[in-house]
Amino acid sequence: MPAAAPLQLFAYWRTSATFRVRVALHLKGLAATERFIDVDAGEHRSEAYLRINPLGAVPALVEGGQPPLTQSLAILEFLEELKPEPALLPRDLHGRARVRSLAGMLASDTHPLVTPRVRKYLSTNAGFDDAAVRAWMRHWFSTGLAAVEQRLGTEKATGRFCHGDAPTLADVALVPQVANGRRFKVDLAAFPNIVRIDAECAKLAAFQKAAPENQPDAEK
């Protein structure tokens, strides 16, 4: 069996999407050489990086000489197929659909509304002051988390983690959103299942190592 091609991760310490991919890499036991893209300094809009990801978003993953992979959920699915064990998707058809649905609610429906580029547009183009931007953030964080909380609290497939008793892609998507919610002072008391599952994930080395504050390029 041929050796796996080396992986390069173009990353920024604080982004939720990068956090997701780092968790999956650690859970899978996969190594990736990180290339730090300073979003605050505008490096994601540089000509060189736009050749990697024309959207100017991080992360991007490059395997050997293959074209760059973008979009964190697509990268997570790629890593699942690249190294199927330990599995981050359930074995059964309906379980896989549930996990993908929960991950999509967090990464596709909630996260895009609270990204830095949205906040920048609101403040520079839509006339939002700082208080209005923060109100926007808290509203959309709370709306997304409330929907996920309802499912976690009512669906029998919820276990120690979002689905059963082992972490899945749903947990990989959940934890970064919870971290961002805390950062923007979202009251998490209304989301007991989310808080419980986040605490379970925090016990695992993969989530600890992937945490933004533990990255070499983190602001100390």
# chains A, B, ... in the order shown; residues from 1 in each chain; ligands from 1
$ residues_around --residues "Ala190 of chain A" --least-positions-apart "5" --cutoff "12 Å" --atoms "only C-alpha atoms" --output "ChimeraX atom specification"
/A:142-143,145-150,153,195-196
$ select_by_dssp --residues "segment 9-87 of chain A" --states "strand (DSSP E)" --output "ChimeraX atom specification"
/A:9-11,33-36,60-63,69-70
$ write_last_selection --atoms "C-alpha atoms" --output "mmCIF file, in the first residue's frame"
data_model
loop_
_atom_site.group_PDB
_atom_site.id
_atom_site.type_symbol
_atom_site.label_atom_id
_atom_site.label_comp_id
_atom_site.auth_asym_id
_atom_site.auth_seq_id
_atom_site.Cartn_x
_atom_site.Cartn_y
_atom_site.Cartn_z
ATOM 1 C CA LEU A 9 -3.192 22.880 6.218
ATOM 2 C CA PHE A 10 -3.519 26.586 5.504
ATOM 3 C CA ALA A 11 -4.895 27.800 8.795
ATOM 4 C CA THR A 33 2.118 20.766 8.169
ATOM 5 C CA GLU A 34 0.457 24.064 8.985
ATOM 6 C CA ARG A 35 0.861 27.197 6.937
ATOM 7 C CA PHE A 36 -0.349 30.115 9.016
ATOM 8 C CA ALA A 60 -7.554 24.958 2.876
ATOM 9 C CA LEU A 61 -6.007 21.508 2.745
ATOM 10 C CA VAL A 62 -3.496 20.331 0.171
ATOM 11 C CA GLU A 63 -2.559 16.682 -0.230
ATOM 12 C CA LEU A 69 -9.446 21.364 -0.912
ATOM 13 C CA THR A 70 -11.625 24.102 0.564
#
$ closest_residue --among "A:Thr168, A:Thr115, A:Ser72, A:Ser123" --to "Phe19 of chain A" --atoms "only C-alpha atoms"
A:Ser72
$ residues_around --residues "Tyr121 of chain A" --least-positions-apart "6" --cutoff "10 Å" --atoms "only C-alpha atoms" --output "short mmCIF file (atom, residue, chain, number, x, y, z; two decimals) with N, CA and C atoms, in the first residue's frame"
data_model
loop_
_atom_site.label_atom_id
_atom_site.label_comp_id
_atom_site.auth_asym_id
_atom_site.auth_seq_id
_atom_site.Cartn_x
_atom_site.Cartn_y
_atom_site.Cartn_z
N GLY A 127 -24.05 50.23 8.54
CA GLY A 127 -24.26 51.23 9.57
C GLY A 127 -24.46 50.68 10.97
N PHE A 128 -24.07 49.42 11.21
CA PHE A 128 -24.21 48.84 12.54
C PHE A 128 -23.10 49.37 13.44
N VAL A 133 -23.83 45.10 16.18
CA VAL A 133 -23.13 43.93 15.66
C VAL A 133 -23.17 42.81 16.69
#
$ select_by_dssp --residues "segment 55-190 of chain A" --states "helix (DSSP H, G or I)" --output "number ranges by chain"
A: 72-82, 93-114, 116-124, 130-154, 169-183, 188-190
$ closest_residue --among "A:Glu77, A:Glu47, A:Asp130, A:Glu85" --to "Arg100 of chain A" --atoms "only C-alpha atoms"
A:Glu77
$ residues_around --residues "Tyr49 of chain A" --least-positions-apart "3" --cutoff "12 Å" --atoms "only C-alpha atoms" --output "list in words"
Phe10, Ala11, Arg35, Phe36, Ile37, Asp38, Val39, Gly42, Glu43, His44, Arg45, Ser46, Ile52, Asn53, Pro54, Leu55, Gly56, Ala57, Val58, Pro59, Ala60, Pro68 and Thr70 of chain A
$ atom_distance --atom1 "atom CA of Asp129 of chain A" --atom2 "atom CA of Leu106 of chain A"
25.9 Å
$ atom_distance --atom1 "atom CA of Ala131 of chain A" --atom2 "atom CA of Lys185 of chain A"
12.3 Å
$ closest_residue --among "A:Gly104, A:Pro112, A:Pro176, A:Pro167" --to "Leu204 of chain A" --atoms "only C-alpha atoms"
A:Pro167
$ atom_distance --atom1 "atom CA of Gly64 of chain A" --atom2 "atom CA of Ala5 of chain A"
5.0 Å
$ residues_around --residues "Cys162 of chain A" --least-positions-apart "4" --cutoff "8 Å" --atoms "only C-alpha atoms" --output "list in words"
Val99, Leu152, Ala157, Thr158, Pro167, Thr168, Ala170, Asp171 and Ile197 of chain A
$ write_last_selection --atoms "C-alpha atoms" --output "PDB file, in the first residue's frame"
ATOM      1  CA  VAL A  99     -24.781  13.535  11.910  1.00  0.00           C
ATOM      2  CA  LEU A 152     -30.222  16.818  20.972  1.00  0.00           C
ATOM      3  CA  ALA A 157     -29.756   8.860  19.066  1.00  0.00           C
ATOM      4  CA  THR A 158     -28.177  11.507  21.299  1.00  0.00           C
ATOM      5  CA  PRO A 167     -17.417  11.779  18.778  1.00  0.00           C
ATOM      6  CA  THR A 168     -18.658  12.353  15.252  1.00  0.00           C
ATOM      7  CA  ALA A 170     -21.485  16.704  14.593  1.00  0.00           C
ATOM      8  CA  ASP A 171     -19.313  17.181  17.693  1.00  0.00           C
ATOM      9  CA  ILE A 197     -21.631  17.457  25.205  1.00  0.00           C
TER      10      ILE A 197
END
$ closest_residue --among "A:Arg91, A:Arg138, A:Arg119, A:His111" --to "Gln177 of chain A" --atoms "only C-alpha atoms"
A:His111
$ residues_around --residues "segment 207-218 of chain A" --least-positions-apart "3" --cutoff "7 Å" --atoms "only C-alpha atoms" --output "ChimeraX atom specification"
/A:13-14,19,22-23,201-202,204
$ residues_around --residues "Val21 of chain A" --least-positions-apart "3" --cutoff "9 Å" --atoms "only C-alpha atoms" --output "number ranges by chain"
A: 9, 16-18, 24-26, 59, 72-73, 75-76, 79, 172, 210
$ closest_residue --among "A:Leu89, A:Ala132, A:Met105, A:Met137" --to "Ala173 of chain A" --atoms "only C-alpha atoms"
A:Met105
$ decode --residues "segment 38-161 of chain A" --atoms "C-alpha atoms" --output "PDB file, in the first residue's frame"
ATOM      1  CA  ASP A  38      -2.855  35.867   9.282  1.00  0.00           C
ATOM      2  CA  VAL A  39      -6.458  36.846   8.647  1.00  0.00           C
ATOM      3  CA  ASP A  40      -6.195  39.946  10.825  1.00  0.00           C
ATOM      4  CA  ALA A  41      -3.318  41.163   8.636  1.00  0.00           C
ATOM      5  CA  GLY A  42      -5.250  40.424   5.440  1.00  0.00           C
ATOM      6  CA  GLU A  43      -3.078  37.541   4.236  1.00  0.00           C
ATOM      7  CA  HIS A  44      -6.218  35.613   3.220  1.00  0.00           C
ATOM      8  CA  ARG A  45      -6.809  38.265   0.550  1.00  0.00           C
ATOM      9  CA  SER A  46      -3.273  38.110  -0.851  1.00  0.00           C
ATOM     10  CA  GLU A  47      -2.774  37.129  -4.486  1.00  0.00           C
ATOM     11  CA  ALA A  48      -0.840  34.055  -3.419  1.00  0.00           C
ATOM     12  CA  TYR A  49      -3.569  32.766  -1.106  1.00  0.00           C
ATOM     13  CA  LEU A  50      -6.395  33.570  -3.507  1.00  0.00           C
ATOM     14  CA  ARG A  51      -4.764  31.145  -5.924  1.00  0.00           C
ATOM     15  CA  ILE A  52      -5.283  28.478  -3.246  1.00  0.00           C
ATOM     16  CA  ASN A  53      -8.807  29.529  -2.280  1.00  0.00           C
ATOM     17  CA  PRO A  54     -10.446  32.162  -4.523  1.00  0.00           C
ATOM     18  CA  LEU A  55     -12.987  32.860  -1.763  1.00  0.00           C
ATOM     19  CA  GLY A  56     -10.174  33.945   0.530  1.00  0.00           C
ATOM     20  CA  ALA A  57     -11.387  31.725   3.378  1.00  0.00           C
ATOM     21  CA  VAL A  58      -9.458  29.419   5.673  1.00  0.00           C
ATOM     22  CA  PRO A  59      -8.784  26.599   6.035  1.00  0.00           C
ATOM     23  CA  ALA A  60      -7.554  24.958   2.876  1.00  0.00           C
ATOM     24  CA  LEU A  61      -6.007  21.508   2.745  1.00  0.00           C
ATOM     25  CA  VAL A  62      -3.496  20.331   0.171  1.00  0.00           C
ATOM     26  CA  GLU A  63      -2.559  16.682  -0.230  1.00  0.00           C
ATOM     27  CA  GLY A  64       0.654  16.148  -2.162  1.00  0.00           C
ATOM     28  CA  GLY A  65       0.349  17.648  -5.622  1.00  0.00           C
ATOM     29  CA  GLN A  66      -3.455  17.558  -5.677  1.00  0.00           C
ATOM     30  CA  PRO A  67      -5.558  20.719  -6.103  1.00  0.00           C
ATOM     31  CA  PRO A  68      -6.382  22.487  -2.835  1.00  0.00           C
ATOM     32  CA  LEU A  69      -9.446  21.364  -0.912  1.00  0.00           C
ATOM     33  CA  THR A  70     -11.625  24.102   0.564  1.00  0.00           C
ATOM     34  CA  GLN A  71     -14.812  24.249   2.674  1.00  0.00           C
ATOM     35  CA  SER A  72     -14.377  22.665   6.083  1.00  0.00           C
ATOM     36  CA  LEU A  73     -17.257  20.179   5.780  1.00  0.00           C
ATOM     37  CA  ALA A  74     -15.868  18.900   2.473  1.00  0.00           C
ATOM     38  CA  ILE A  75     -12.429  18.611   4.081  1.00  0.00           C
ATOM     39  CA  LEU A  76     -13.925  16.652   6.984  1.00  0.00           C
ATOM     40  CA  GLU A  77     -15.584  14.232   4.582  1.00  0.00           C
ATOM     41  CA  PHE A  78     -12.290  13.870   2.702  1.00  0.00           C
ATOM     42  CA  LEU A  79     -10.438  13.037   5.912  1.00  0.00           C
ATOM     43  CA  GLU A  80     -13.133  10.479   6.780  1.00  0.00           C
ATOM     44  CA  GLU A  81     -12.555   8.719   3.468  1.00  0.00           C
ATOM     45  CA  LEU A  82      -8.781   9.149   3.607  1.00  0.00           C
ATOM     46  CA  LYS A  83      -8.610   7.393   6.974  1.00  0.00           C
ATOM     47  CA  PRO A  84     -11.898   5.656   7.808  1.00  0.00           C
ATOM     48  CA  GLU A  85     -10.853   4.684  11.327  1.00  0.00           C
ATOM     49  CA  PRO A  86     -11.701   5.904  13.839  1.00  0.00           C
ATOM     50  CA  ALA A  87     -14.988   6.634  12.105  1.00  0.00           C
ATOM     51  CA  LEU A  88     -16.529  10.090  12.498  1.00  0.00           C
ATOM     52  CA  LEU A  89     -19.689   9.032  10.684  1.00  0.00           C
ATOM     53  CA  PRO A  90     -21.999   6.259  11.937  1.00  0.00           C
ATOM     54  CA  ARG A  91     -22.185   2.934  10.120  1.00  0.00           C
ATOM     55  CA  ASP A  92     -25.913   3.115   9.423  1.00  0.00           C
ATOM     56  CA  LEU A  93     -27.577   5.174   6.708  1.00  0.00           C
ATOM     57  CA  HIS A  94     -29.896   7.170   8.958  1.00  0.00           C
ATOM     58  CA  GLY A  95     -27.181   7.786  11.532  1.00  0.00           C
ATOM     59  CA  ARG A  96     -24.874   9.251   8.887  1.00  0.00           C
ATOM     60  CA  ALA A  97     -27.663  11.497   7.646  1.00  0.00           C
ATOM     61  CA  ARG A  98     -28.412  12.698  11.190  1.00  0.00           C
ATOM     62  CA  VAL A  99     -24.781  13.535  11.910  1.00  0.00           C
ATOM     63  CA  ARG A 100     -24.414  15.370   8.605  1.00  0.00           C
ATOM     64  CA  SER A 101     -27.625  17.265   9.318  1.00  0.00           C
ATOM     65  CA  LEU A 102     -26.470  18.412  12.759  1.00  0.00           C
ATOM     66  CA  ALA A 103     -23.071  19.411  11.390  1.00  0.00           C
ATOM     67  CA  GLY A 104     -24.752  21.338   8.589  1.00  0.00           C
ATOM     68  CA  MET A 105     -26.998  23.219  11.011  1.00  0.00           C
ATOM     69  CA  LEU A 106     -23.895  24.439  12.810  1.00  0.00           C
ATOM     70  CA  ALA A 107     -21.371  24.901  10.028  1.00  0.00           C
ATOM     71  CA  SER A 108     -23.635  25.885   7.128  1.00  0.00           C
ATOM     72  CA  ASP A 109     -26.697  27.528   8.686  1.00  0.00           C
ATOM     73  CA  THR A 110     -25.280  29.258  11.777  1.00  0.00           C
ATOM     74  CA  HIS A 111     -21.585  29.928  11.276  1.00  0.00           C
ATOM     75  CA  PRO A 112     -21.823  31.888   7.972  1.00  0.00           C
ATOM     76  CA  LEU A 113     -23.977  34.541   9.659  1.00  0.00           C
ATOM     77  CA  VAL A 114     -21.350  35.348  12.291  1.00  0.00           C
ATOM     78  CA  THR A 115     -18.084  35.264  10.362  1.00  0.00           C
ATOM     79  CA  PRO A 116     -15.632  38.195  10.470  1.00  0.00           C
ATOM     80  CA  ARG A 117     -16.479  39.225   6.908  1.00  0.00           C
ATOM     81  CA  VAL A 118     -20.166  39.504   7.832  1.00  0.00           C
ATOM     82  CA  ARG A 119     -19.313  41.552  10.926  1.00  0.00           C
ATOM     83  CA  LYS A 120     -17.093  43.798   8.818  1.00  0.00           C
ATOM     84  CA  TYR A 121     -19.838  44.367   6.260  1.00  0.00           C
ATOM     85  CA  LEU A 122     -22.378  45.166   8.959  1.00  0.00           C
ATOM     86  CA  SER A 123     -20.103  47.737  10.564  1.00  0.00           C
ATOM     87  CA  THR A 124     -18.682  49.354   7.418  1.00  0.00           C
ATOM     88  CA  ASN A 125     -21.567  49.097   4.949  1.00  0.00           C
ATOM     89  CA  ALA A 126     -24.788  48.602   6.889  1.00  0.00           C
ATOM     90  CA  GLY A 127     -24.255  51.230   9.575  1.00  0.00           C
ATOM     91  CA  PHE A 128     -24.205  48.843  12.537  1.00  0.00           C
ATOM     92  CA  ASP A 129     -22.416  50.156  15.612  1.00  0.00           C
ATOM     93  CA  ASP A 130     -20.566  47.777  17.925  1.00  0.00           C
ATOM     94  CA  ALA A 131     -23.619  47.124  20.086  1.00  0.00           C
ATOM     95  CA  ALA A 132     -25.762  46.298  17.058  1.00  0.00           C
ATOM     96  CA  VAL A 133     -23.135  43.929  15.658  1.00  0.00           C
ATOM     97  CA  ARG A 134     -22.934  42.109  18.979  1.00  0.00           C
ATOM     98  CA  ALA A 135     -26.720  41.881  19.165  1.00  0.00           C
ATOM     99  CA  TRP A 136     -26.705  40.362  15.656  1.00  0.00           C
ATOM    100  CA  MET A 137     -24.081  37.842  16.711  1.00  0.00           C
ATOM    101  CA  ARG A 138     -25.897  36.807  19.876  1.00  0.00           C
ATOM    102  CA  HIS A 139     -29.197  36.479  17.998  1.00  0.00           C
ATOM    103  CA  TRP A 140     -27.883  34.164  15.301  1.00  0.00           C
ATOM    104  CA  PHE A 141     -25.712  32.139  17.661  1.00  0.00           C
ATOM    105  CA  SER A 142     -28.702  31.630  19.952  1.00  0.00           C
ATOM    106  CA  THR A 143     -31.056  30.798  17.081  1.00  0.00           C
ATOM    107  CA  GLY A 144     -28.725  28.126  15.683  1.00  0.00           C
ATOM    108  CA  LEU A 145     -27.821  26.628  19.039  1.00  0.00           C
ATOM    109  CA  ALA A 146     -31.479  26.524  20.121  1.00  0.00           C
ATOM    110  CA  ALA A 147     -32.385  24.452  17.066  1.00  0.00           C
ATOM    111  CA  VAL A 148     -29.538  22.017  17.705  1.00  0.00           C
ATOM    112  CA  GLU A 149     -30.413  21.859  21.411  1.00  0.00           C
ATOM    113  CA  GLN A 150     -33.983  20.887  20.587  1.00  0.00           C
ATOM    114  CA  ARG A 151     -32.814  17.987  18.476  1.00  0.00           C
ATOM    115  CA  LEU A 152     -30.222  16.818  20.972  1.00  0.00           C
ATOM    116  CA  GLY A 153     -32.794  16.886  23.740  1.00  0.00           C
ATOM    117  CA  THR A 154     -35.551  15.049  21.891  1.00  0.00           C
ATOM    118  CA  GLU A 155     -33.870  12.523  19.608  1.00  0.00           C
ATOM    119  CA  LYS A 156     -33.028   9.093  20.990  1.00  0.00           C
ATOM    120  CA  ALA A 157     -29.756   8.860  19.066  1.00  0.00           C
ATOM    121  CA  THR A 158     -28.177  11.507  21.299  1.00  0.00           C
ATOM    122  CA  GLY A 159     -25.787   9.898  23.748  1.00  0.00           C
ATOM    123  CA  ARG A 160     -22.660  10.945  25.547  1.00  0.00           C
ATOM    124  CA  PHE A 161     -21.926  12.908  22.381  1.00  0.00           C
TER     125      PHE A 161
END
